$ cat upload-v2.cif   # mmCIF, C-alpha atoms (C1' of nucleotides)
data_structure
loop_
_atom_site.label_atom_id
_atom_site.label_comp_id
_atom_site.auth_asym_id
_atom_site.auth_seq_id
_atom_site.Cartn_x
_atom_site.Cartn_y
_atom_site.Cartn_z
CA MET A 1 -74.44 -31.42 -34.77
CA THR A 2 -77.10 -30.52 -32.31
CA ASP A 3 -79.59 -32.97 -30.91
CA ARG A 4 -82.17 -31.21 -33.00
CA VAL A 5 -80.75 -32.97 -36.02
CA MET A 6 -80.90 -36.33 -34.34
CA LYS A 7 -84.68 -36.34 -34.41
CA LYS A 8 -85.69 -39.04 -36.85
CA HIS A 9 -88.92 -39.61 -38.66
CA VAL A 10 -89.84 -43.26 -38.86
CA ARG A 11 -93.61 -43.53 -38.96
CA ASN A 12 -96.43 -42.16 -41.03
CA GLN A 13 -95.46 -43.70 -44.33
CA GLY A 14 -98.81 -42.82 -45.81
CA ARG A 15 -98.86 -39.40 -47.42
CA LEU A 16 -102.42 -38.23 -47.70
CA HIS A 17 -101.92 -34.53 -47.62
CA CYS A 18 -100.43 -32.19 -50.16
CA ASP A 19 -97.02 -30.54 -49.96
CA MET A 20 -97.12 -27.52 -52.15
CA GLY A 21 -93.57 -26.47 -51.40
CA VAL A 22 -92.76 -22.88 -50.67
CA SER A 23 -95.60 -20.46 -51.10
CA ILE A 24 -96.29 -16.88 -50.14
CA ASN A 25 -98.69 -16.79 -47.26
CA ARG A 26 -97.57 -13.91 -45.13
CA GLU A 27 -96.03 -10.61 -45.99
CA LEU A 28 -92.54 -9.99 -44.73
CA GLU A 29 -91.41 -6.55 -43.92
CA LEU A 30 -88.73 -5.74 -46.46
CA GLU A 31 -87.20 -3.09 -44.32
CA GLN A 32 -84.02 -1.56 -45.63
CA PRO A 33 -81.24 -0.52 -43.27
CA LEU A 34 -80.54 2.79 -44.92
CA GLU A 35 -81.39 4.04 -48.34
CA ASP A 36 -78.55 2.26 -50.06
CA ILE A 37 -79.67 2.43 -53.64
CA ARG A 38 -76.53 0.74 -55.01
CA HIS A 39 -76.94 -2.23 -52.77
CA GLU A 40 -80.53 -2.37 -53.94
CA LEU A 41 -79.34 -2.40 -57.53
CA VAL A 42 -76.98 -5.28 -56.87
CA LEU A 43 -79.78 -7.26 -55.28
CA ASN A 44 -82.01 -6.54 -58.25
CA ILE A 45 -79.48 -7.74 -60.78
CA VAL A 46 -78.84 -10.96 -58.93
CA ARG A 47 -82.52 -11.54 -58.29
CA THR A 48 -83.44 -11.02 -61.92
CA ALA A 49 -80.75 -13.38 -63.11
CA THR A 50 -81.88 -15.99 -60.64
CA GLN A 51 -85.42 -15.77 -61.84
CA ILE A 52 -84.36 -16.00 -65.46
CA SER A 53 -82.27 -19.05 -64.71
CA GLN A 54 -85.10 -20.76 -62.89
CA LYS A 55 -87.54 -20.05 -65.68
CA GLY A 56 -85.02 -21.36 -68.16
CA ALA A 57 -84.49 -24.49 -66.12
CA LEU A 58 -88.21 -25.19 -66.25
CA LEU A 59 -88.22 -24.84 -70.01
CA PHE A 60 -85.16 -26.99 -70.57
CA ARG A 61 -86.49 -29.71 -68.33
CA ARG A 62 -89.24 -30.32 -70.82
CA PHE A 63 -86.46 -31.59 -73.07
CA ASP A 64 -84.62 -33.45 -70.33
CA LEU A 65 -81.86 -30.87 -70.28
CA THR A 66 -80.36 -28.80 -67.51
CA GLU A 67 -79.45 -25.18 -68.04
CA ALA A 68 -75.74 -25.98 -68.15
CA GLN A 69 -76.33 -28.70 -70.71
CA PHE A 70 -78.38 -26.36 -72.86
CA ASN A 71 -75.68 -23.73 -72.71
CA VAL A 72 -73.13 -26.19 -74.01
CA LEU A 73 -75.32 -27.41 -76.86
CA PHE A 74 -76.23 -23.84 -77.76
CA ALA A 75 -72.61 -22.73 -77.83
CA LEU A 76 -71.57 -25.71 -79.90
CA LYS A 77 -74.30 -25.08 -82.44
CA TYR A 78 -73.00 -21.66 -83.37
CA LYS A 79 -69.27 -22.17 -83.24
CA THR A 80 -67.56 -21.79 -86.60
CA SER A 81 -64.24 -23.45 -85.81
CA ALA A 82 -63.16 -26.50 -83.83
CA TRP A 83 -63.43 -25.98 -80.09
CA THR A 84 -61.60 -27.70 -77.29
CA GLN A 85 -63.05 -28.13 -73.81
CA SER A 86 -60.90 -25.24 -72.72
CA ASP A 87 -62.39 -23.04 -75.43
CA LEU A 88 -65.82 -24.00 -74.24
CA SER A 89 -64.95 -23.13 -70.67
CA LYS A 90 -63.84 -19.66 -71.72
CA ARG A 91 -66.91 -19.12 -73.85
CA LEU A 92 -69.27 -20.10 -71.07
CA VAL A 93 -67.17 -18.47 -68.37
CA VAL A 94 -66.91 -21.53 -66.18
CA THR A 95 -63.91 -23.59 -65.10
CA ARG A 96 -62.52 -26.44 -67.17
CA ALA A 97 -63.55 -28.86 -64.44
CA SER A 98 -67.18 -27.83 -64.86
CA ILE A 99 -67.02 -28.45 -68.57
CA THR A 100 -65.64 -31.93 -67.98
CA SER A 101 -68.58 -32.91 -65.83
CA VAL A 102 -71.26 -31.43 -68.08
CA LEU A 103 -69.69 -33.04 -71.15
CA ASP A 104 -69.59 -36.39 -69.37
CA LYS A 105 -73.34 -36.24 -68.97
CA LEU A 106 -73.99 -35.01 -72.50
CA GLU A 107 -71.72 -37.70 -73.88
CA ASP A 108 -73.56 -40.37 -71.92
CA LYS A 109 -76.77 -39.11 -73.49
CA GLY A 110 -75.18 -39.27 -76.93
CA LEU A 111 -75.62 -35.55 -77.58
CA VAL A 112 -71.98 -34.52 -77.97
CA MET A 113 -68.74 -36.28 -78.79
CA ARG A 114 -65.10 -35.76 -77.88
CA GLU A 115 -62.85 -36.26 -80.87
CA LYS A 116 -59.16 -36.94 -80.52
CA VAL A 117 -57.03 -34.44 -82.38
CA PRO A 118 -54.22 -35.95 -84.50
CA GLY A 119 -51.56 -33.30 -83.95
CA ASN A 120 -52.09 -32.86 -80.19
CA ARG A 121 -52.58 -35.67 -77.72
CA ARG A 122 -53.66 -33.33 -74.97
CA ILE A 123 -56.90 -31.97 -76.32
CA TYR A 124 -60.29 -33.04 -77.59
CA HIS A 125 -62.45 -31.29 -80.09
CA VAL A 126 -66.02 -31.16 -78.89
CA ALA A 127 -68.88 -31.39 -81.36
CA LEU A 128 -72.59 -32.09 -81.48
CA THR A 129 -73.70 -35.52 -82.55
CA ARG A 130 -76.52 -35.84 -85.05
CA GLN A 131 -78.83 -36.40 -82.10
CA GLY A 132 -77.46 -33.38 -80.25
CA LYS A 133 -77.94 -31.20 -83.30
CA ASN A 134 -81.52 -32.35 -83.62
CA LEU A 135 -82.24 -31.65 -79.99
CA ILE A 136 -80.83 -28.13 -79.90
CA ASP A 137 -82.65 -27.37 -83.15
CA THR A 138 -85.85 -28.36 -81.39
CA VAL A 139 -85.22 -26.48 -78.16
CA GLU A 140 -83.81 -23.27 -79.58
CA PRO A 141 -86.99 -21.89 -81.19
CA VAL A 142 -88.96 -22.53 -78.02
CA TYR A 143 -86.27 -20.81 -76.00
CA ARG A 144 -86.12 -17.79 -78.29
CA GLU A 145 -89.86 -17.47 -78.44
CA THR A 146 -90.09 -17.52 -74.66
CA ILE A 147 -87.51 -14.80 -74.33
CA HIS A 148 -89.28 -12.65 -76.87
CA LYS A 149 -92.60 -13.07 -75.16
CA ALA A 150 -91.03 -12.18 -71.82
CA LEU A 151 -89.32 -9.08 -73.20
CA ASP A 152 -91.74 -7.87 -75.84
CA SER A 153 -92.49 -4.73 -73.86
CA PHE A 154 -88.90 -3.65 -74.41
CA SER A 155 -87.90 -1.92 -77.59
CA ASP A 156 -84.62 -2.80 -79.26
CA ARG A 157 -83.33 0.54 -78.14
CA GLN A 158 -84.25 -0.09 -74.53
CA CYS A 159 -82.59 -3.49 -74.65
CA LEU A 160 -79.43 -1.92 -76.00
CA GLU A 161 -79.41 0.73 -73.30
CA LEU A 162 -79.88 -1.85 -70.61
CA ILE A 163 -77.10 -3.98 -72.05
CA HIS A 164 -74.85 -0.95 -72.11
CA ARG A 165 -75.54 -0.21 -68.46
CA LEU A 166 -74.84 -3.76 -67.44
CA GLU A 167 -71.58 -3.71 -69.36
CA GLN A 168 -70.65 -0.63 -67.41
CA VAL A 169 -71.42 -2.42 -64.18
CA ARG A 170 -69.21 -5.33 -65.17
CA ALA A 171 -66.40 -3.08 -66.26
CA ARG A 172 -66.41 -1.14 -63.01
CA ALA A 173 -66.73 -4.25 -60.90
CA ASP A 174 -63.74 -5.69 -62.69
CA GLU A 175 -61.59 -2.73 -61.75
CA VAL A 176 -62.39 -2.97 -58.08
CA ALA A 177 -61.15 -6.57 -58.07
CA MET B 1 -68.40 -44.41 -69.26
CA THR B 2 -65.93 -44.37 -72.10
CA ASP B 3 -62.41 -45.71 -71.88
CA ARG B 4 -61.30 -42.10 -71.87
CA VAL B 5 -62.36 -41.87 -68.29
CA MET B 6 -60.52 -45.02 -67.34
CA LYS B 7 -57.16 -43.37 -67.84
CA LYS B 8 -55.62 -43.03 -64.41
CA HIS B 9 -52.84 -40.83 -63.16
CA VAL B 10 -50.56 -42.63 -60.77
CA ARG B 11 -47.06 -41.23 -61.06
CA ASN B 12 -45.37 -37.86 -60.83
CA GLN B 13 -46.24 -36.97 -57.26
CA GLY B 14 -43.84 -34.05 -57.33
CA ARG B 15 -45.50 -30.82 -58.43
CA LEU B 16 -42.84 -28.44 -59.63
CA HIS B 17 -44.76 -26.34 -62.09
CA CYS B 18 -47.47 -23.78 -61.60
CA ASP B 19 -51.13 -24.29 -62.42
CA MET B 20 -52.67 -20.91 -62.72
CA GLY B 21 -56.11 -22.18 -63.56
CA VAL B 22 -58.09 -20.82 -66.48
CA SER B 23 -56.60 -17.87 -68.28
CA ILE B 24 -57.33 -16.04 -71.48
CA ASN B 25 -54.73 -16.90 -74.05
CA ARG B 26 -56.57 -17.01 -77.33
CA GLU B 27 -59.45 -15.01 -78.65
CA LEU B 28 -62.62 -16.92 -79.35
CA GLU B 29 -64.92 -15.78 -82.04
CA LEU B 30 -68.07 -14.68 -80.27
CA GLU B 31 -70.21 -15.07 -83.34
CA GLN B 32 -73.90 -14.51 -82.82
CA PRO B 33 -76.44 -16.55 -84.72
CA LEU B 34 -78.71 -13.69 -85.63
CA GLU B 35 -79.11 -10.23 -84.20
CA ASP B 36 -81.21 -11.34 -81.26
CA ILE B 37 -80.93 -8.36 -78.98
CA ARG B 38 -83.26 -9.81 -76.34
CA HIS B 39 -81.26 -12.97 -76.04
CA GLU B 40 -78.21 -10.78 -75.73
CA LEU B 41 -79.89 -8.89 -72.89
CA VAL B 42 -80.66 -12.10 -71.05
CA LEU B 43 -77.05 -13.21 -71.37
CA ASN B 44 -75.90 -9.84 -70.07
CA ILE B 45 -78.09 -9.96 -67.02
CA VAL B 46 -77.01 -13.45 -66.09
CA ARG B 47 -73.36 -12.70 -66.79
CA THR B 48 -73.40 -9.56 -64.68
CA ALA B 49 -75.02 -11.35 -61.78
CA THR B 50 -72.48 -14.14 -62.02
CA GLN B 51 -69.62 -11.70 -61.93
CA ILE B 52 -71.09 -9.87 -58.97
CA SER B 53 -71.54 -13.14 -57.10
CA GLN B 54 -67.98 -14.21 -57.77
CA LYS B 55 -66.58 -10.88 -56.63
CA GLY B 56 -68.71 -11.09 -53.55
CA ALA B 57 -67.54 -14.63 -52.83
CA LEU B 58 -63.95 -13.41 -52.90
CA LEU B 59 -64.74 -10.68 -50.42
CA PHE B 60 -66.70 -12.92 -48.06
CA ARG B 61 -64.03 -15.56 -48.09
CA ARG B 62 -61.71 -13.14 -46.34
CA PHE B 63 -64.07 -13.56 -43.40
CA ASP B 64 -64.50 -17.30 -43.82
CA LEU B 65 -68.02 -16.87 -45.11
CA THR B 66 -69.74 -18.04 -48.25
CA GLU B 67 -72.13 -15.81 -50.14
CA ALA B 68 -75.15 -17.75 -48.89
CA GLN B 69 -73.95 -17.49 -45.31
CA PHE B 70 -73.41 -13.75 -45.68
CA ASN B 71 -76.88 -13.33 -47.12
CA VAL B 72 -78.40 -15.02 -44.11
CA LEU B 73 -76.42 -12.97 -41.60
CA PHE B 74 -77.21 -9.78 -43.48
CA ALA B 75 -80.92 -10.53 -43.60
CA LEU B 76 -81.00 -11.41 -39.92
CA LYS B 77 -79.24 -8.21 -38.96
CA TYR B 78 -81.96 -5.99 -40.38
CA LYS B 79 -85.07 -7.93 -39.51
CA THR B 80 -87.34 -6.09 -37.09
CA SER B 81 -89.52 -9.01 -36.01
CA ALA B 82 -88.92 -12.67 -35.21
CA TRP B 83 -88.24 -14.73 -38.31
CA THR B 84 -88.72 -18.42 -38.87
CA GLN B 85 -86.66 -20.45 -41.32
CA SER B 86 -89.56 -20.24 -43.71
CA ASP B 87 -89.56 -16.46 -43.47
CA LEU B 88 -85.88 -16.47 -44.25
CA SER B 89 -86.40 -18.68 -47.27
CA LYS B 90 -88.97 -16.27 -48.66
CA ARG B 91 -86.80 -13.27 -47.97
CA LEU B 92 -83.80 -14.80 -49.73
CA VAL B 93 -85.90 -16.47 -52.43
CA VAL B 94 -84.53 -19.96 -51.90
CA THR B 95 -86.21 -23.15 -50.76
CA ARG B 96 -86.64 -24.09 -47.13
CA ALA B 97 -84.29 -27.01 -47.69
CA SER B 98 -81.52 -24.61 -48.67
CA ILE B 99 -82.03 -22.57 -45.55
CA THR B 100 -81.78 -25.68 -43.41
CA SER B 101 -78.36 -26.54 -44.78
CA VAL B 102 -76.96 -23.02 -44.57
CA LEU B 103 -78.24 -22.60 -41.02
CA ASP B 104 -76.69 -25.91 -40.03
CA LYS B 105 -73.29 -24.55 -41.02
CA LEU B 106 -73.81 -21.15 -39.41
CA GLU B 107 -75.00 -22.82 -36.24
CA ASP B 108 -71.92 -25.05 -36.19
CA LYS B 109 -69.81 -21.90 -36.42
CA GLY B 110 -71.77 -20.36 -33.58
CA LEU B 111 -72.98 -17.42 -35.66
CA VAL B 112 -76.74 -18.02 -35.46
CA MET B 113 -79.09 -19.86 -33.16
CA ARG B 114 -82.42 -21.61 -33.58
CA GLU B 115 -84.78 -20.83 -30.72
CA LYS B 116 -87.76 -22.96 -29.91
CA VAL B 117 -91.02 -21.02 -29.92
CA PRO B 118 -93.30 -21.65 -26.92
CA GLY B 119 -96.65 -21.42 -28.66
CA ASN B 120 -95.75 -23.46 -31.74
CA ARG B 121 -93.78 -26.67 -31.73
CA ARG B 122 -93.25 -26.63 -35.47
CA ILE B 123 -91.09 -23.59 -35.91
CA TYR B 124 -87.81 -22.06 -34.83
CA HIS B 125 -86.99 -18.41 -34.56
CA VAL B 126 -83.62 -17.71 -36.08
CA ALA B 127 -81.36 -15.06 -34.61
CA LEU B 128 -77.77 -13.90 -34.66
CA THR B 129 -75.56 -14.86 -31.75
CA ARG B 130 -73.31 -12.25 -30.22
CA GLN B 131 -70.51 -13.63 -32.36
CA GLY B 132 -72.64 -13.55 -35.49
CA LYS B 133 -73.62 -9.95 -34.83
CA ASN B 134 -70.00 -8.99 -34.42
CA LEU B 135 -69.01 -10.70 -37.63
CA ILE B 136 -71.71 -9.15 -39.81
CA ASP B 137 -70.92 -5.77 -38.27
CA THR B 138 -67.35 -6.24 -39.42
CA VAL B 139 -68.13 -7.50 -42.91
CA GLU B 140 -70.94 -5.14 -43.80
CA PRO B 141 -68.96 -1.90 -44.09
CA VAL B 142 -66.39 -3.59 -46.30
CA TYR B 143 -69.17 -4.99 -48.44
CA ARG B 144 -70.94 -1.65 -48.78
CA GLU B 145 -67.75 0.19 -49.54
CA THR B 146 -66.90 -2.27 -52.28
CA ILE B 147 -70.29 -1.87 -53.89
CA HIS B 148 -70.05 1.89 -53.76
CA LYS B 149 -66.62 1.87 -55.30
CA ALA B 150 -67.82 -0.45 -58.04
CA LEU B 151 -70.88 1.66 -58.80
CA ASP B 152 -69.68 5.17 -58.13
CA SER B 153 -70.03 6.09 -61.79
CA PHE B 154 -73.78 5.62 -61.47
CA SER B 155 -75.94 8.39 -60.14
CA ASP B 156 -78.77 7.59 -57.77
CA ARG B 157 -81.15 8.35 -60.56
CA GLN B 158 -79.43 5.94 -62.93
CA CYS B 159 -79.52 3.23 -60.31
CA LEU B 160 -83.22 3.77 -59.83
CA GLU B 161 -83.90 3.61 -63.54
CA LEU B 162 -81.92 0.40 -63.86
CA ILE B 163 -83.75 -1.11 -60.92
CA HIS B 164 -87.03 -0.16 -62.49
CA ARG B 165 -86.09 -1.82 -65.75
CA LEU B 166 -85.05 -4.99 -64.01
CA GLU B 167 -88.30 -5.06 -62.09
CA GLN B 168 -90.09 -4.85 -65.40
CA VAL B 169 -88.10 -7.78 -66.69
CA ARG B 170 -89.01 -9.84 -63.66
CA ALA B 171 -92.66 -8.92 -63.88
CA ARG B 172 -92.89 -9.87 -67.53
CA ALA B 173 -90.93 -13.07 -67.05
CA ASP B 174 -93.31 -14.02 -64.30
CA GLU B 175 -96.29 -13.72 -66.59
CA VAL B 176 -94.83 -15.99 -69.22
CA ALA B 177 -94.42 -18.72 -66.62
"C1'" DA C 1 -114.81 -32.47 -32.20
"C1'" DT C 2 -112.94 -34.43 -36.09
"C1'" DC C 3 -110.40 -34.81 -39.98
"C1'" DA C 4 -108.30 -33.38 -44.10
"C1'" DA C 5 -105.45 -29.86 -45.94
"C1'" DA C 6 -101.82 -26.68 -45.26
"C1'" DC C 7 -97.59 -25.45 -43.16
"C1'" DT C 8 -92.69 -26.17 -41.20
"C1'" DG C 9 -88.48 -28.17 -41.07
"C1'" DT C 10 -85.54 -32.20 -42.44
"C1'" DT C 11 -83.50 -35.65 -45.35
"C1'" DA C 12 -81.73 -37.81 -49.52
"C1'" DG C 13 -80.25 -37.63 -54.08
"C1'" DA C 14 -78.89 -35.06 -58.05
"C1'" DC C 15 -76.59 -31.27 -60.32
"C1'" DG C 16 -73.42 -27.48 -61.25
"C1'" DC C 17 -69.99 -24.82 -59.66
"C1'" DT C 18 -65.63 -23.91 -57.31
"C1'" DT C 19 -60.85 -24.87 -55.55
"C1'" DT C 20 -56.99 -27.63 -55.24
"C1'" DA C 21 -54.12 -30.97 -56.84
"C1'" DC C 22 -52.64 -33.85 -60.16
"C1'" DA C 23 -50.73 -36.56 -64.91
"C1'" DT C 24 -49.74 -35.70 -69.29
"C1'" DT C 25 -48.41 -33.14 -73.12
"C1'" DT C 26 -46.61 -29.12 -75.47
"C1'" DG C 27 -43.69 -25.36 -76.32
"C1'" DC C 28 -40.48 -21.96 -75.49
"C1'" DC C 29 -35.92 -20.41 -74.15
"C1'" DT C 30 -31.40 -20.77 -73.33
"C1'" DA D 1 -30.92 -30.81 -76.70
"C1'" DG D 2 -32.65 -30.06 -72.24
"C1'" DG D 3 -35.40 -28.24 -68.99
"C1'" DC D 4 -38.86 -25.60 -67.07
"C1'" DA D 5 -43.25 -23.29 -67.44
"C1'" DA D 6 -47.66 -23.34 -69.48
"C1'" DA D 7 -51.65 -25.60 -71.10
"C1'" DT D 8 -55.19 -29.36 -71.05
"C1'" DG D 9 -58.17 -32.40 -69.08
"C1'" DT D 10 -59.41 -35.13 -64.83
"C1'" DA D 11 -60.42 -36.13 -59.96
"C1'" DA D 12 -61.94 -35.24 -55.32
"C1'" DA D 13 -63.94 -32.58 -51.81
"C1'" DG D 14 -66.92 -28.85 -50.43
"C1'" DC D 15 -70.86 -25.77 -51.00
"C1'" DG D 16 -75.46 -24.26 -52.38
"C1'" DT D 17 -79.28 -25.15 -54.89
"C1'" DC D 18 -83.14 -27.85 -56.34
"C1'" DT D 19 -86.94 -31.57 -56.21
"C1'" DA D 20 -89.35 -35.13 -53.91
"C1'" DA D 21 -90.80 -37.27 -50.04
"C1'" DC D 22 -91.58 -37.33 -45.47
"C1'" DA D 23 -92.93 -36.55 -39.98
"C1'" DG D 24 -94.90 -33.67 -37.05
"C1'" DT D 25 -97.87 -29.73 -36.05
"C1'" DT D 26 -101.48 -26.45 -36.77
"C1'" DT D 27 -105.67 -24.79 -38.75
"C1'" DG D 28 -110.04 -24.52 -40.65
"C1'" DA D 29 -114.30 -26.30 -42.34
"C1'" DT D 30 -117.92 -29.13 -41.42
#
$ encode --input "upload-v2.cif" --output "C-alpha cells"
Amino acid sequence: MTDRVMKKHVRNQGRLHCDMGVSINRELELEQPLEDIRHELVLNIVRTATQISQKGALLFRRFDLTEAQFNVLFALKYKTSAWTQSDLSKRLVVTRASITSVLDKLEDKGLVMREKVPGNRRIYHVALTRQGKNLIDTVEPVYRETIHKALDSFSDRQCLELIHRLEQVRARADEVA
Amino acid sequence: MTDRVMKKHVRNQGRLHCDMGVSINRELELEQPLEDIRHELVLNIVRTATQISQKGALLFRRFDLTEAQFNVLFALKYKTSAWTQSDLSKRLVVTRASITSVLDKLEDKGLVMREKVPGNRRIYHVALTRQGKNLIDTVEPVYRETIHKALDSFSDRQCLELIHRLEQVRARADEVA
DNA sequence: ATCAAACTGTTAGACGCTTTACATTTGCCT
DNA sequence: AGGCAAATGTAAAGCGTCTAACAGTTTGAT
C-alpha cells in the first residue's frame, strides 16, 4: 500500500452538493492500434452484453431481484422435470458453488425451496414456491416487453441471422480452447 | 438460515479422489416457453460474451493477470494523451470505484503508476511502468493471435456487419432506458 | 470574490462469479 | 462384497463490479 491510500477523510460530514456518479464530460480519443477488426468485434460483443446486463439489472431491481436471481426463477418456471442444483448450474452455465449462494438468498426470501429427494440423500430438487411463482409471473411480461421494445427494429430473420453468427463465434472459440 | 446450512464437515481430511468440477453428464431439456426469438438473441449475446471472457481469463492467467487488469494495461498502451482514472473508467465503461481497485492491484505489482499532476491536486495521470509495458507487449501478440484463430472463419466484411448489428442493439437498448 | 454545483478519487458494503478444497453419498467394476 | 472414482452440495478466499456516501478540489455564475 502506498501512502496515497493512507489519506483519510474525517471532516465535512455535511453533503450539500450533488454526486452524479460517472458522466460523459469530455471526449476521449478512441484511437485503435491497428485496424484489427476482429478485436473490435470481440469488444463489441462484450460491450453489448454488458449493457444488456446492466439494463436488465435496473429492471429487475424494481422487483427487488438481481439478475442472477431472475435467471434462476426464470429457468425454474419453464422446467418440465425435477431439477437439482447441479442441473440448474448446467442450464445457467455457472458453477455449482454459484447456484448454492443464489439459492440461499432466494430461499431466505421465500421464493424457492430445496426439497429432499427420497431415493438420493445427496441431492435437492429445486422448485418455485407459490410466492416465487407469483413474482416471476409478474416480472416476466415486463422483461419480455422491454426486450421487444429494444429490438423491434430487428426482423425475426435478422435476429436469426445474428444468433447464427454468434453461435459460430462460440463454436470457433471453443475449438481454440 | 435453515438447518441444512448447519451441517458441518469435520472428518475425512484425506482427499484421495478427484473433483473435476462441473461436467456435462446428462442432457437437460432446453425447452423454450414460446418462440421468443428476441429473447433468444439476448441470451445468445450474453452467452457469447461470457464465453469470450472466460477464454480470455484463461489466457491472461498464464501471465498472472486478470481480465480487468489486462484491459487496463491494454488501454494504457494505446492512449496518446495523459489519462486520469476517470478517463480510464469511461474508456473501459466501468465505474471510477472499479478503476481504483484494479489500479491498486496493478500498482502493487509494479505494472502501472499514478503520477501527481502539478496543475490539479485532484487527479492522477495513470501510466505503464517499464515492467508494465514489457508485460503487455508480451501478452498482446498472444491475445491477438488467439482472437484471429478463433475468428478466422469470418471475413472482414462479416465482422463489420456483425459489429454494425451490435451497435444497433446498443443504440436501441439505450433508448428504452 | 464568493459560494454552490460539479468533478475526482476513495471507501465500505453487497453481490455474483470463480477456484480450490472438502464431506458425503452413489455407483460402477472387478 | 469391497473399493475407488464420480457426483453433489458446501465453504472459504479472491476478484471485479456496483451503489452510496464521502473529502477534497475546481469551476462557473452571480
$ residues_around --input "upload-v2.cif" --residues "DT26 in chain C" --least-positions-apart "4" --cutoff "12 Å" --atoms "all atoms listed in the file" --output "PDB file with C-alpha atoms (C1' of nucleotides), in the coordinates of the input"
ATOM      1  CA  GLY A 119     -51.560 -33.300 -83.950  1.00  0.00           C
ATOM      2  CA  ASN A 120     -52.090 -32.860 -80.190  1.00  0.00           C
ATOM      3  CA  ARG A 121     -52.580 -35.670 -77.720  1.00  0.00           C
ATOM      4  CA  ARG A 122     -53.660 -33.330 -74.970  1.00  0.00           C
ATOM      5  CA  ILE A 123     -56.900 -31.970 -76.320  1.00  0.00           C
TER       6      ILE A 123
ATOM      7  C1'  DC D   4     -38.860 -25.600 -67.070  1.00  0.00           C
ATOM      8  C1'  DA D   5     -43.250 -23.290 -67.440  1.00  0.00           C
ATOM      9  C1'  DA D   6     -47.660 -23.340 -69.480  1.00  0.00           C
ATOM     10  C1'  DA D   7     -51.650 -25.600 -71.100  1.00  0.00           C
ATOM     11  C1'  DT D   8     -55.190 -29.360 -71.050  1.00  0.00           C
TER      12       DT D   8
END
$ calpha_fit_rmsd --input "upload-v2.cif" --fixed "chain A" --moving "chain B"
0.2 Å
$ resolve_selection --input "upload-v2.cif" --expression "the PyMOL selection byres ((chain C) within 8 of (chain B))" --output "list of chain:residue names"
C:DT8, C:DG9, C:DT10, C:DC22, C:DA23
$ atom_distance --input "upload-v2.cif" --atom1 "CA of Pro141 in chain B" --atom2 "CA of Phe63 in chain B"
12.7 Å
$ closest_residue --input "upload-v2.cif" --among "B:Asn44, B:Leu76, B:Val93, B:His39" --to "chain D" --atoms "all atoms listed in the file"
B:Val93
$ atom_distance --input "upload-v2.cif" --atom1 "CA of Leu128 in chain B" --atom2 "CA of Leu111 in chain B"
6.0 Å
$ closest_residue --input "upload-v2.cif" --among "B:Glu67, B:Asp156, B:Glu140, B:Glu145" --to "chain D" --atoms "only C-alpha atoms (C1' of nucleotides)"
B:Glu67
$ interface_residues --input "upload-v2.cif" --of "chain D" --to "chain A" --cutoff "12 Å" --atoms "all atoms listed in the file" --output "list of chain:residue names"
D:DA7, D:DT8, D:DG9, D:DT10, D:DA11, D:DA12, D:DT17, D:DC18, D:DT19, D:DA20, D:DA21, D:DC22, D:DA23, D:DG24
$ resolve_selection --input "upload-v2.cif" --expression "the PyMOL selection byres ((chain B) within 6 of (chain A))" --output "PyMOL selection string"
chain B and resi 41+45-46+48-49+150+163+170+172-173+176
$ atom_distance --input "upload-v2.cif" --atom1 "C1' of DT19 in chain C" --atom2 "CA of Phe74 in chain B"
25.3 Å
